[in-house]
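Notes for the one structure printed next.
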Amino acid sequence: MNGGEQLSSIVDRIRENANAETVYGEPVERDGKTVIPAAKIAYGFGGGYGSDARGGSQNGGDSGEGGGIGGGVKATPAGVVEITDYETRFIRFSDRKKLAAIAGLFLVLGYLLGRR
């Protein structure tokens with residue numbers, strides 16, 4: 001399989017997994033509200049190719065070459081879309097613990113730098 005076929009295969013797999021159904025899950029209806037879960041999707045690709053133009057390979061002077069390609073997808077919950085008879089709103093999930101830890105880190109760092 002050459003590099004173009006590998007890339008095409010990876011893109012096809014990502015298209016299968018990173019789509020609207022993945023981003024917006026199945027709606028849930030209860031008590032006059034419809035709630036649709038939403039996710040954040042991120043994806044990336046990488047690849048490389050190299051050859052040994054010196055001809056110093058261990059296989060009798062043949063030049064060596066190689067390549068590879070890869071990709072990945074990450075999905076994280078982002079919030080929900082809430083639909084009622086009166087309004088539609090997006091309710092974002094936040095990681096308050098993470099924000100508190102970062103704020104605490106900066107407070108400690110500021111304290112330590114202030115003592116110098």
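Residues in the structure tokens are numbered from 1 in each chain, the chains being A, B, ... in the order shown, and ligands are numbered from 1 in the order shown.
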Taking the DSSP assignment computed from this structure's backbone, write out as a tab-separated table (two decimals) with all heavy atoms, in the first residue's frame all residues of segment 10-103 of chain A that belong to strand (DSSP E or B).
chain	number	residue	atom	x	y	z
A	24	TYR	N	-23.18	15.18	17.50
A	24	TYR	CA	-24.49	15.31	18.15
A	24	TYR	C	-25.07	13.92	18.32
A	24	TYR	O	-25.41	13.27	17.36
A	24	TYR	CB	-25.43	16.17	17.30
A	24	TYR	CG	-24.96	17.58	17.15
A	24	TYR	CD1	-24.36	18.01	15.99
A	24	TYR	CD2	-25.08	18.48	18.19
A	24	TYR	CE1	-23.90	19.30	15.86
A	24	TYR	CE2	-24.62	19.78	18.08
A	24	TYR	CZ	-24.03	20.18	16.90
A	24	TYR	OH	-23.57	21.46	16.78
A	28	VAL	N	-32.66	13.09	23.48
A	28	VAL	CA	-33.41	12.50	24.59
A	28	VAL	C	-34.57	13.44	24.90
A	28	VAL	O	-34.36	14.64	25.09
A	28	VAL	CB	-32.52	12.34	25.85
A	28	VAL	CG1	-33.32	11.81	27.02
A	28	VAL	CG2	-31.33	11.45	25.55
A	29	GLU	N	-35.79	12.91	24.91
A	29	GLU	CA	-36.97	13.72	25.20
A	29	GLU	C	-37.54	13.34	26.55
A	29	GLU	O	-37.72	12.17	26.86
A	29	GLU	CB	-38.02	13.52	24.10
A	29	GLU	CG	-37.58	14.03	22.75
A	29	GLU	CD	-38.67	13.90	21.71
A	29	GLU	OE1	-39.85	14.08	22.04
A	29	GLU	OE2	-38.31	13.59	20.56
A	30	ARG	N	-37.84	14.39	27.36
A	30	ARG	CA	-38.41	14.15	28.68
A	30	ARG	C	-39.01	15.46	29.19
A	30	ARG	O	-38.39	16.51	29.10
A	30	ARG	CB	-37.35	13.66	29.65
A	30	ARG	CG	-37.93	13.33	31.02
A	30	ARG	CD	-36.99	12.57	31.90
A	30	ARG	NE	-36.76	11.25	31.31
A	30	ARG	CZ	-35.67	10.54	31.50
A	30	ARG	NH1	-34.71	10.99	32.25
A	30	ARG	NH2	-35.55	9.36	30.94
A	33	LYS	N	-38.94	18.68	27.15
A	33	LYS	CA	-37.62	19.15	26.73
A	33	LYS	C	-36.97	18.09	25.84
A	33	LYS	O	-37.13	16.90	26.06
A	33	LYS	CB	-36.69	19.39	27.92
A	33	LYS	CG	-37.07	20.52	28.81
A	33	LYS	CD	-36.04	20.67	29.92
A	33	LYS	CE	-36.45	21.79	30.86
A	33	LYS	NZ	-35.49	21.97	31.94
A	34	THR	N	-36.24	18.57	24.88
A	34	THR	CA	-35.41	17.68	24.07
A	34	THR	C	-33.96	18.08	24.33
A	34	THR	O	-33.60	19.25	24.21
A	34	THR	CB	-35.73	17.82	22.57
A	34	THR	OG1	-37.11	17.51	22.37
A	34	THR	CG2	-34.87	16.89	21.74
A	35	VAL	N	-33.14	17.12	24.69
A	35	VAL	CA	-31.73	17.37	24.98
A	35	VAL	C	-30.89	16.58	23.97
A	35	VAL	O	-31.08	15.38	23.81
A	35	VAL	CB	-31.38	16.95	26.42
A	35	VAL	CG1	-29.91	17.14	26.70
A	35	VAL	CG2	-32.22	17.74	27.42
A	36	ILE	N	-29.99	17.30	23.31
A	36	ILE	CA	-29.12	16.68	22.32
A	36	ILE	C	-27.67	16.86	22.79
A	36	ILE	O	-27.19	17.99	22.89
A	36	ILE	CB	-29.29	17.34	20.93
A	36	ILE	CG1	-30.75	17.29	20.51
A	36	ILE	CG2	-28.39	16.66	19.91
A	36	ILE	CD1	-31.06	18.13	19.28
A	37	PRO	N	-26.97	15.76	23.09
A	37	PRO	CA	-25.57	15.89	23.51
A	37	PRO	C	-24.69	16.34	22.35
A	37	PRO	O	-24.94	15.98	21.19
A	37	PRO	CB	-25.19	14.48	23.97
A	37	PRO	CG	-26.26	13.58	23.48
A	37	PRO	CD	-27.45	14.39	23.12
A	38	ALA	N	-23.68	17.16	22.66
A	38	ALA	CA	-22.76	17.67	21.65
A	38	ALA	C	-21.33	17.37	22.08
A	38	ALA	O	-21.02	17.38	23.27
A	38	ALA	CB	-22.94	19.16	21.45
A	39	ALA	N	-20.47	17.11	21.11
A	39	ALA	CA	-19.06	16.81	21.40
A	39	ALA	C	-18.16	17.69	20.55
A	39	ALA	O	-18.57	18.23	19.52
A	39	ALA	CB	-18.77	15.34	21.10
A	40	LYS	N	-16.92	17.82	21.00
A	40	LYS	CA	-15.89	18.52	20.26
A	40	LYS	C	-15.03	17.46	19.59
A	40	LYS	O	-14.57	16.53	20.24
A	40	LYS	CB	-15.05	19.33	21.24
A	40	LYS	CG	-14.41	20.54	20.65
A	40	LYS	CD	-13.49	21.26	21.63
A	40	LYS	CE	-14.17	21.62	22.93
A	40	LYS	NZ	-13.28	22.40	23.81
A	41	ILE	N	-14.83	17.59	18.29
A	41	ILE	CA	-14.05	16.61	17.53
A	41	ILE	C	-12.76	17.28	17.06
A	41	ILE	O	-12.79	18.37	16.50
A	41	ILE	CB	-14.83	16.10	16.31
A	41	ILE	CG1	-16.19	15.52	16.71
A	41	ILE	CG2	-14.02	15.08	15.53
A	41	ILE	CD1	-16.13	14.27	17.51
A	42	ALA	N	-11.64	16.62	17.30
A	42	ALA	CA	-10.34	17.10	16.79
A	42	ALA	C	-9.66	15.94	16.09
A	42	ALA	O	-9.76	14.80	16.53
A	42	ALA	CB	-9.48	17.60	17.95
A	43	TYR	N	-8.99	16.24	15.01
A	43	TYR	CA	-8.27	15.19	14.30
A	43	TYR	C	-6.97	15.74	13.75
A	43	TYR	O	-6.81	16.94	13.58
A	43	TYR	CB	-9.12	14.55	13.20
A	43	TYR	CG	-9.65	15.52	12.19
A	43	TYR	CD1	-8.96	15.79	11.02
A	43	TYR	CD2	-10.87	16.15	12.38
A	43	TYR	CE1	-9.45	16.68	10.09
A	43	TYR	CE2	-11.38	17.04	11.45
A	43	TYR	CZ	-10.66	17.29	10.31
A	43	TYR	OH	-11.16	18.18	9.39
A	44	GLY	N	-6.04	14.84	13.51
A	44	GLY	CA	-4.74	15.25	12.99
A	44	GLY	C	-4.11	14.15	12.17
A	44	GLY	O	-4.46	12.98	12.29
A	45	PHE	N	-3.19	14.56	11.33
A	45	PHE	CA	-2.48	13.64	10.45
A	45	PHE	C	-0.99	13.90	10.53
A	45	PHE	O	-0.57	15.01	10.83
A	45	PHE	CB	-2.90	13.83	8.98
A	45	PHE	CG	-4.33	13.61	8.71
A	45	PHE	CD1	-5.21	14.67	8.64
A	45	PHE	CD2	-4.82	12.33	8.52
A	45	PHE	CE1	-6.54	14.47	8.39
A	45	PHE	CE2	-6.15	12.12	8.26
A	45	PHE	CZ	-7.02	13.20	8.20
A	46	GLY	N	-0.22	12.90	10.23
A	46	GLY	CA	1.23	13.08	10.15
A	46	GLY	C	1.81	12.01	9.26
A	46	GLY	O	1.21	10.97	9.03
A	47	GLY	N	2.95	12.30	8.73
A	47	GLY	CA	3.59	11.32	7.87
A	47	GLY	C	5.01	11.72	7.55
A	47	GLY	O	5.43	12.84	7.81
A	48	GLY	N	5.73	10.80	7.01
A	48	GLY	CA	7.10	11.09	6.63
A	48	GLY	C	7.65	10.04	5.69
A	48	GLY	O	7.11	8.94	5.57
A	49	TYR	N	8.73	10.41	5.04
A	49	TYR	CA	9.38	9.50	4.10
A	49	TYR	C	10.87	9.80	4.15
A	49	TYR	O	11.29	10.94	4.30
A	49	TYR	CB	8.85	9.72	2.69
A	49	TYR	CG	9.53	8.86	1.66
A	49	TYR	CD1	9.15	7.54	1.49
A	49	TYR	CD2	10.57	9.35	0.89
A	49	TYR	CE1	9.78	6.74	0.57
A	49	TYR	CE2	11.21	8.55	-0.03
A	49	TYR	CZ	10.81	7.24	-0.19
A	49	TYR	OH	11.43	6.43	-1.09
A	50	GLY	N	11.66	8.76	4.02
A	50	GLY	CA	13.10	8.97	4.01
A	50	GLY	C	13.80	7.90	3.21
A	50	GLY	O	13.28	6.81	3.00
A	51	SER	N	14.97	8.25	2.74
A	51	SER	CA	15.77	7.27	2.01
A	51	SER	C	17.24	7.47	2.35
A	51	SER	O	17.66	8.56	2.72
A	51	SER	CB	15.55	7.40	0.50
A	51	SER	OG	16.02	8.65	0.04
A	65	GLU	N	15.02	2.80	2.11
A	65	GLU	CA	14.01	3.85	2.12
A	65	GLU	C	12.81	3.35	2.92
A	65	GLU	O	12.61	2.16	3.10
A	65	GLU	CB	13.58	4.25	0.72
A	65	GLU	CG	13.00	3.14	-0.13
A	65	GLU	CD	12.65	3.63	-1.52
A	65	GLU	OE1	13.50	4.26	-2.17
A	65	GLU	OE2	11.52	3.37	-1.93
A	66	GLY	N	12.04	4.30	3.40
A	66	GLY	CA	10.87	3.93	4.19
A	66	GLY	C	9.97	5.13	4.39
A	66	GLY	O	10.37	6.27	4.17
A	67	GLY	N	8.80	4.85	4.79
A	67	GLY	CA	7.84	5.94	5.02
A	67	GLY	C	6.70	5.45	5.88
A	67	GLY	O	6.55	4.26	6.13
A	68	GLY	N	5.94	6.39	6.32
A	68	GLY	CA	4.80	6.04	7.14
A	68	GLY	C	3.83	7.20	7.24
A	68	GLY	O	4.19	8.35	6.97
A	69	ILE	N	2.63	6.88	7.60
A	69	ILE	CA	1.60	7.90	7.72
A	69	ILE	C	0.64	7.46	8.81
A	69	ILE	O	0.45	6.27	9.05
A	69	ILE	CB	0.87	8.11	6.37
A	69	ILE	CG1	0.02	9.36	6.40
A	69	ILE	CG2	0.07	6.90	5.97
A	69	ILE	CD1	-0.42	9.81	5.02
A	70	GLY	N	0.06	8.43	9.50
A	70	GLY	CA	-0.87	8.09	10.57
A	70	GLY	C	-1.84	9.23	10.83
A	70	GLY	O	-1.66	10.34	10.34
A	71	GLY	N	-2.83	8.95	11.59
A	71	GLY	CA	-3.82	9.97	11.92
A	71	GLY	C	-4.63	9.52	13.12
A	71	GLY	O	-4.57	8.36	13.53
A	72	GLY	N	-5.35	10.45	13.68
A	72	GLY	CA	-6.17	10.10	14.83
A	72	GLY	C	-7.31	11.08	15.03
A	72	GLY	O	-7.31	12.18	14.47
A	73	VAL	N	-8.26	10.66	15.83
A	73	VAL	CA	-9.44	11.46	16.14
A	73	VAL	C	-9.64	11.46	17.65
A	73	VAL	O	-9.44	10.44	18.30
A	73	VAL	CB	-10.71	10.88	15.47
A	73	VAL	CG1	-11.94	11.69	15.84
A	73	VAL	CG2	-10.55	10.82	13.98
A	74	LYS	N	-10.03	12.61	18.19
A	74	LYS	CA	-10.35	12.71	19.60
A	74	LYS	C	-11.70	13.39	19.74
A	74	LYS	O	-11.93	14.45	19.17
A	74	LYS	CB	-9.28	13.53	20.33
A	74	LYS	CG	-9.57	13.74	21.79
A	74	LYS	CD	-8.53	14.63	22.43
A	74	LYS	CE	-8.88	14.89	23.87
A	74	LYS	NZ	-7.94	15.84	24.49
A	75	ALA	N	-12.60	12.78	20.47
A	75	ALA	CA	-13.93	13.36	20.71
A	75	ALA	C	-14.10	13.56	22.22
A	75	ALA	O	-13.86	12.64	23.00
A	75	ALA	CB	-15.02	12.43	20.19
A	76	THR	N	-14.47	14.78	22.61
A	76	THR	CA	-14.72	15.07	24.02
A	76	THR	C	-16.09	15.74	24.16
A	76	THR	O	-16.49	16.52	23.29
A	76	THR	CB	-13.65	16.01	24.61
A	76	THR	OG1	-13.58	17.19	23.81
A	76	THR	CG2	-12.29	15.36	24.64
A	77	PRO	N	-16.81	15.44	25.22
A	77	PRO	CA	-18.12	16.08	25.42
A	77	PRO	C	-17.96	17.59	25.55
A	77	PRO	O	-17.07	18.07	26.24
A	77	PRO	CB	-18.62	15.48	26.74
A	77	PRO	CG	-17.81	14.25	26.96
A	77	PRO	CD	-16.50	14.48	26.28
A	78	ALA	N	-18.82	18.34	24.88
A	78	ALA	CA	-18.75	19.80	24.92
A	78	ALA	C	-19.93	20.40	25.65
A	78	ALA	O	-19.82	21.47	26.24
A	78	ALA	CB	-18.69	20.36	23.50
A	79	GLY	N	-21.08	19.76	25.62
A	79	GLY	CA	-22.27	20.29	26.25
A	79	GLY	C	-23.51	19.63	25.68
A	79	GLY	O	-23.43	18.56	25.08
A	80	VAL	N	-24.64	20.29	25.87
A	80	VAL	CA	-25.90	19.80	25.32
A	80	VAL	C	-26.69	20.96	24.71
A	80	VAL	O	-26.54	22.10	25.12
A	80	VAL	CB	-26.78	19.09	26.38
A	80	VAL	CG1	-26.12	17.83	26.89
A	80	VAL	CG2	-27.12	20.01	27.53
A	81	VAL	N	-27.49	20.64	23.73
A	81	VAL	CA	-28.45	21.58	23.18
A	81	VAL	C	-29.80	21.23	23.80
A	81	VAL	O	-30.25	20.08	23.70
A	81	VAL	CB	-28.53	21.48	21.64
A	81	VAL	CG1	-29.58	22.43	21.09
A	81	VAL	CG2	-27.18	21.76	21.01
A	82	GLU	N	-30.39	22.19	24.49
A	82	GLU	CA	-31.67	21.97	25.16
A	82	GLU	C	-32.75	22.72	24.38
A	82	GLU	O	-32.65	23.92	24.16
A	82	GLU	CB	-31.62	22.49	26.59
A	82	GLU	CG	-32.92	22.29	27.33
A	82	GLU	CD	-32.89	22.92	28.71
A	82	GLU	OE1	-32.89	24.17	28.78
A	82	GLU	OE2	-32.84	22.17	29.69
A	83	ILE	N	-33.77	22.00	23.96
A	83	ILE	CA	-34.86	22.58	23.17
A	83	ILE	C	-36.16	22.43	23.95
A	83	ILE	O	-36.52	21.32	24.36
A	83	ILE	CB	-34.99	21.86	21.80
A	83	ILE	CG1	-33.66	21.92	21.05
A	83	ILE	CG2	-36.12	22.47	20.99
A	83	ILE	CD1	-33.60	21.04	19.83
A	88	THR	N	-34.35	27.65	22.79
A	88	THR	CA	-33.30	26.68	22.48
A	88	THR	C	-32.00	27.28	22.98
A	88	THR	O	-31.70	28.43	22.71
A	88	THR	CB	-33.20	26.42	20.97
A	88	THR	OG1	-34.44	25.90	20.51
A	88	THR	CG2	-32.09	25.44	20.65
A	89	ARG	N	-31.24	26.50	23.76
A	89	ARG	CA	-29.99	27.03	24.29
A	89	ARG	C	-28.93	25.94	24.32
A	89	ARG	O	-29.23	24.75	24.37
A	89	ARG	CB	-30.18	27.62	25.68
A	89	ARG	CG	-30.59	26.61	26.72
A	89	ARG	CD	-30.85	27.27	28.07
A	89	ARG	NE	-31.20	26.27	29.06
A	89	ARG	CZ	-30.83	26.30	30.32
A	89	ARG	NH1	-30.11	27.31	30.76
A	89	ARG	NH2	-31.19	25.36	31.14
A	90	PHE	N	-27.69	26.38	24.29
A	90	PHE	CA	-26.55	25.48	24.40
A	90	PHE	C	-26.00	25.58	25.81
A	90	PHE	O	-25.69	26.67	26.29
A	90	PHE	CB	-25.46	25.84	23.38
A	90	PHE	CG	-24.28	24.92	23.45
A	90	PHE	CD1	-24.36	23.62	22.98
A	90	PHE	CD2	-23.08	25.36	23.98
A	90	PHE	CE1	-23.27	22.77	23.05
A	90	PHE	CE2	-21.99	24.52	24.05
A	90	PHE	CZ	-22.08	23.22	23.58
A	91	ILE	N	-25.90	24.46	26.49
A	91	ILE	CA	-25.37	24.42	27.85
A	91	ILE	C	-23.99	23.78	27.76
A	91	ILE	O	-23.86	22.59	27.46
A	91	ILE	CB	-26.28	23.63	28.80
A	91	ILE	CG1	-27.68	24.24	28.80
A	91	ILE	CG2	-25.69	23.59	30.19
A	91	ILE	CD1	-28.72	23.38	29.49
A	92	ARG	N	-22.96	24.59	27.99
A	92	ARG	CA	-21.57	24.13	27.86
A	92	ARG	C	-21.12	23.40	29.12
A	92	ARG	O	-21.40	23.82	30.23
A	92	ARG	CB	-20.66	25.33	27.62
A	92	ARG	CG	-19.22	24.99	27.40
A	92	ARG	CD	-18.39	26.23	27.11
A	92	ARG	NE	-18.94	27.06	26.07
A	92	ARG	CZ	-18.78	26.87	24.76
A	92	ARG	NH1	-18.08	25.85	24.35
A	92	ARG	NH2	-19.31	27.70	23.89
Report task. Please measure the separation of atom CA of Glu87 of chain A and atom CA of Asp31 of chain A, giving the value in Å to one decimal. Result ->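 About the pair atom CA of Glu87 of chain A and atom CA of Asp31 of chain A: they are 14.4 Å apart.
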Requested in this report: Run DSSP on the backbone and grab whatever in chain A lands in alpha helix (DSSP H); send it over as JSON, numbers by chain.
Outcome: {"A": [3, 4, 5, 6, 7, 8, 9, 10, 11, 12, 13, 14, 15, 16, 17, 20, 21, 22, 23, 96, 97, 98, 99, 100, 101, 102, 103, 104, 105, 106, 107, 108, 109, 110, 111, 112, 113, 114, 115]}
So that I have them on file, write out the residues from the current selection with N, CA and C atoms, as an mmCIF file, in the first residue's frame.
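Output contents, as saved in result_10.cif:
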data_model
loop_
_atom_site.group_PDB
_atom_site.id
_atom_site.type_symbol
_atom_site.label_atom_id
_atom_site.label_comp_id
_atom_site.auth_asym_id
_atom_site.auth_seq_id
_atom_site.Cartn_x
_atom_site.Cartn_y
_atom_site.Cartn_z
ATOM 1 N N GLY A 3 1.762 5.535 -0.085
ATOM 2 C CA GLY A 3 1.382 6.632 0.806
ATOM 3 C C GLY A 3 0.018 7.223 0.485
ATOM 4 N N GLY A 4 -0.303 7.349 -0.801
ATOM 5 C CA GLY A 4 -1.606 7.900 -1.190
ATOM 6 C C GLY A 4 -2.761 7.011 -0.770
ATOM 7 N N GLU A 5 -2.584 5.708 -0.915
ATOM 8 C CA GLU A 5 -3.623 4.763 -0.497
ATOM 9 C C GLU A 5 -3.778 4.753 1.024
ATOM 10 N N GLN A 6 -2.641 4.860 1.744
ATOM 11 C CA GLN A 6 -2.705 4.915 3.208
ATOM 12 C C GLN A 6 -3.466 6.146 3.678
ATOM 13 N N LEU A 7 -3.148 7.294 3.090
ATOM 14 C CA LEU A 7 -3.828 8.536 3.462
ATOM 15 C C LEU A 7 -5.316 8.445 3.171
ATOM 16 N N SER A 8 -5.664 7.912 2.013
ATOM 17 C CA SER A 8 -7.070 7.758 1.653
ATOM 18 C C SER A 8 -7.794 6.840 2.642
ATOM 19 N N SER A 9 -7.124 5.763 3.058
ATOM 20 C CA SER A 9 -7.710 4.837 4.018
ATOM 21 C C SER A 9 -7.951 5.515 5.366
ATOM 22 N N ILE A 10 -6.992 6.308 5.817
ATOM 23 C CA ILE A 10 -7.131 7.013 7.099
ATOM 24 C C ILE A 10 -8.243 8.044 7.024
ATOM 25 N N VAL A 11 -8.290 8.802 5.940
ATOM 26 C CA VAL A 11 -9.343 9.812 5.779
ATOM 27 C C VAL A 11 -10.715 9.148 5.767
ATOM 28 N N ASP A 12 -10.846 8.017 5.101
ATOM 29 C CA ASP A 12 -12.126 7.295 5.072
ATOM 30 C C ASP A 12 -12.547 6.855 6.466
ATOM 31 N N ARG A 13 -11.595 6.348 7.262
ATOM 32 C CA ARG A 13 -11.929 5.931 8.634
ATOM 33 C C ARG A 13 -12.346 7.118 9.493
ATOM 34 N N ILE A 14 -11.684 8.242 9.319
ATOM 35 C CA ILE A 14 -12.046 9.427 10.104
ATOM 36 C C ILE A 14 -13.423 9.931 9.690
ATOM 37 N N ARG A 15 -13.713 9.909 8.417
ATOM 38 C CA ARG A 15 -15.052 10.322 7.962
ATOM 39 C C ARG A 15 -16.145 9.450 8.568
ATOM 40 N N GLU A 16 -15.848 8.171 8.724
ATOM 41 C CA GLU A 16 -16.826 7.254 9.316
ATOM 42 C C GLU A 16 -17.081 7.581 10.785
ATOM 43 N N ASN A 17 -16.043 8.025 11.498
ATOM 44 C CA ASN A 17 -16.149 8.209 12.942
ATOM 45 C C ASN A 17 -16.369 9.653 13.372
ATOM 46 N N ALA A 20 -21.581 13.947 12.024
ATOM 47 C CA ALA A 20 -22.631 14.614 12.806
ATOM 48 C C ALA A 20 -23.202 13.713 13.887
ATOM 49 N N GLU A 21 -23.323 12.430 13.626
ATOM 50 C CA GLU A 21 -23.851 11.528 14.644
ATOM 51 C C GLU A 21 -22.914 11.419 15.838
ATOM 52 N N THR A 22 -21.606 11.551 15.577
ATOM 53 C CA THR A 22 -20.645 11.520 16.672
ATOM 54 C C THR A 22 -20.676 12.831 17.449
ATOM 55 N N VAL A 23 -20.763 13.937 16.732
ATOM 56 C CA VAL A 23 -20.770 15.248 17.379
ATOM 57 C C VAL A 23 -22.071 15.466 18.138
ATOM 58 N N ARG A 96 -14.370 22.764 35.887
ATOM 59 C CA ARG A 96 -14.031 23.723 36.941
ATOM 60 C C ARG A 96 -12.815 23.273 37.746
ATOM 61 N N LYS A 97 -12.635 21.984 37.917
ATOM 62 C CA LYS A 97 -11.474 21.498 38.660
ATOM 63 C C LYS A 97 -10.179 21.869 37.940
ATOM 64 N N LYS A 98 -10.185 21.727 36.632
ATOM 65 C CA LYS A 98 -9.002 22.055 35.849
ATOM 66 C C LYS A 98 -8.706 23.553 35.937
ATOM 67 N N LEU A 99 -9.743 24.386 35.809
ATOM 68 C CA LEU A 99 -9.554 25.824 35.914
ATOM 69 C C LEU A 99 -9.060 26.219 37.302
ATOM 70 N N ALA A 100 -9.596 25.594 38.353
ATOM 71 C CA ALA A 100 -9.159 25.889 39.717
ATOM 72 C C ALA A 100 -7.699 25.479 39.916
ATOM 73 N N ALA A 101 -7.299 24.357 39.361
ATOM 74 C CA ALA A 101 -5.913 23.907 39.485
ATOM 75 C C ALA A 101 -4.959 24.876 38.792
ATOM 76 N N ILE A 102 -5.331 25.363 37.636
ATOM 77 C CA ILE A 102 -4.487 26.320 36.906
ATOM 78 C C ILE A 102 -4.392 27.630 37.686
ATOM 79 N N ALA A 103 -5.520 28.102 38.207
ATOM 80 C CA ALA A 103 -5.508 29.338 38.991
ATOM 81 C C ALA A 103 -4.635 29.171 40.230
ATOM 82 N N GLY A 104 -4.751 28.031 40.911
ATOM 83 C CA GLY A 104 -3.926 27.763 42.082
ATOM 84 C C GLY A 104 -2.449 27.726 41.743
ATOM 85 N N LEU A 105 -2.110 27.136 40.623
ATOM 86 C CA LEU A 105 -0.725 27.070 40.185
ATOM 87 C C LEU A 105 -0.162 28.471 39.970
ATOM 88 N N PHE A 106 -0.931 29.335 39.327
ATOM 89 C CA PHE A 106 -0.464 30.695 39.091
ATOM 90 C C PHE A 106 -0.365 31.498 40.390
ATOM 91 N N LEU A 107 -1.250 31.244 41.345
ATOM 92 C CA LEU A 107 -1.159 31.911 42.647
ATOM 93 C C LEU A 107 0.131 31.516 43.365
ATOM 94 N N VAL A 108 0.435 30.230 43.386
ATOM 95 C CA VAL A 108 1.659 29.752 44.030
ATOM 96 C C VAL A 108 2.882 30.298 43.322
ATOM 97 N N LEU A 109 2.862 30.261 41.992
ATOM 98 C CA LEU A 109 3.976 30.771 41.205
ATOM 99 C C LEU A 109 4.176 32.261 41.465
ATOM 100 N N GLY A 110 3.087 33.029 41.491
ATOM 101 C CA GLY A 110 3.176 34.458 41.777
ATOM 102 C C GLY A 110 3.721 34.727 43.164
ATOM 103 N N TYR A 111 3.294 33.931 44.139
ATOM 104 C CA TYR A 111 3.784 34.077 45.507
ATOM 105 C C TYR A 111 5.291 33.826 45.578
ATOM 106 N N LEU A 112 5.737 32.744 44.938
ATOM 107 C CA LEU A 112 7.149 32.397 44.959
ATOM 108 C C LEU A 112 8.009 33.454 44.245
ATOM 109 N N LEU A 113 7.533 33.958 43.133
ATOM 110 C CA LEU A 113 8.272 34.990 42.415
ATOM 111 C C LEU A 113 8.271 36.300 43.195
ATOM 112 N N GLY A 114 7.209 36.587 43.927
ATOM 113 C CA GLY A 114 7.120 37.808 44.713
ATOM 114 C C GLY A 114 8.060 37.809 45.908
ATOM 115 N N ARG A 115 8.414 36.644 46.414
ATOM 116 C CA ARG A 115 9.320 36.545 47.569
ATOM 117 C C ARG A 115 10.763 36.806 47.190
#
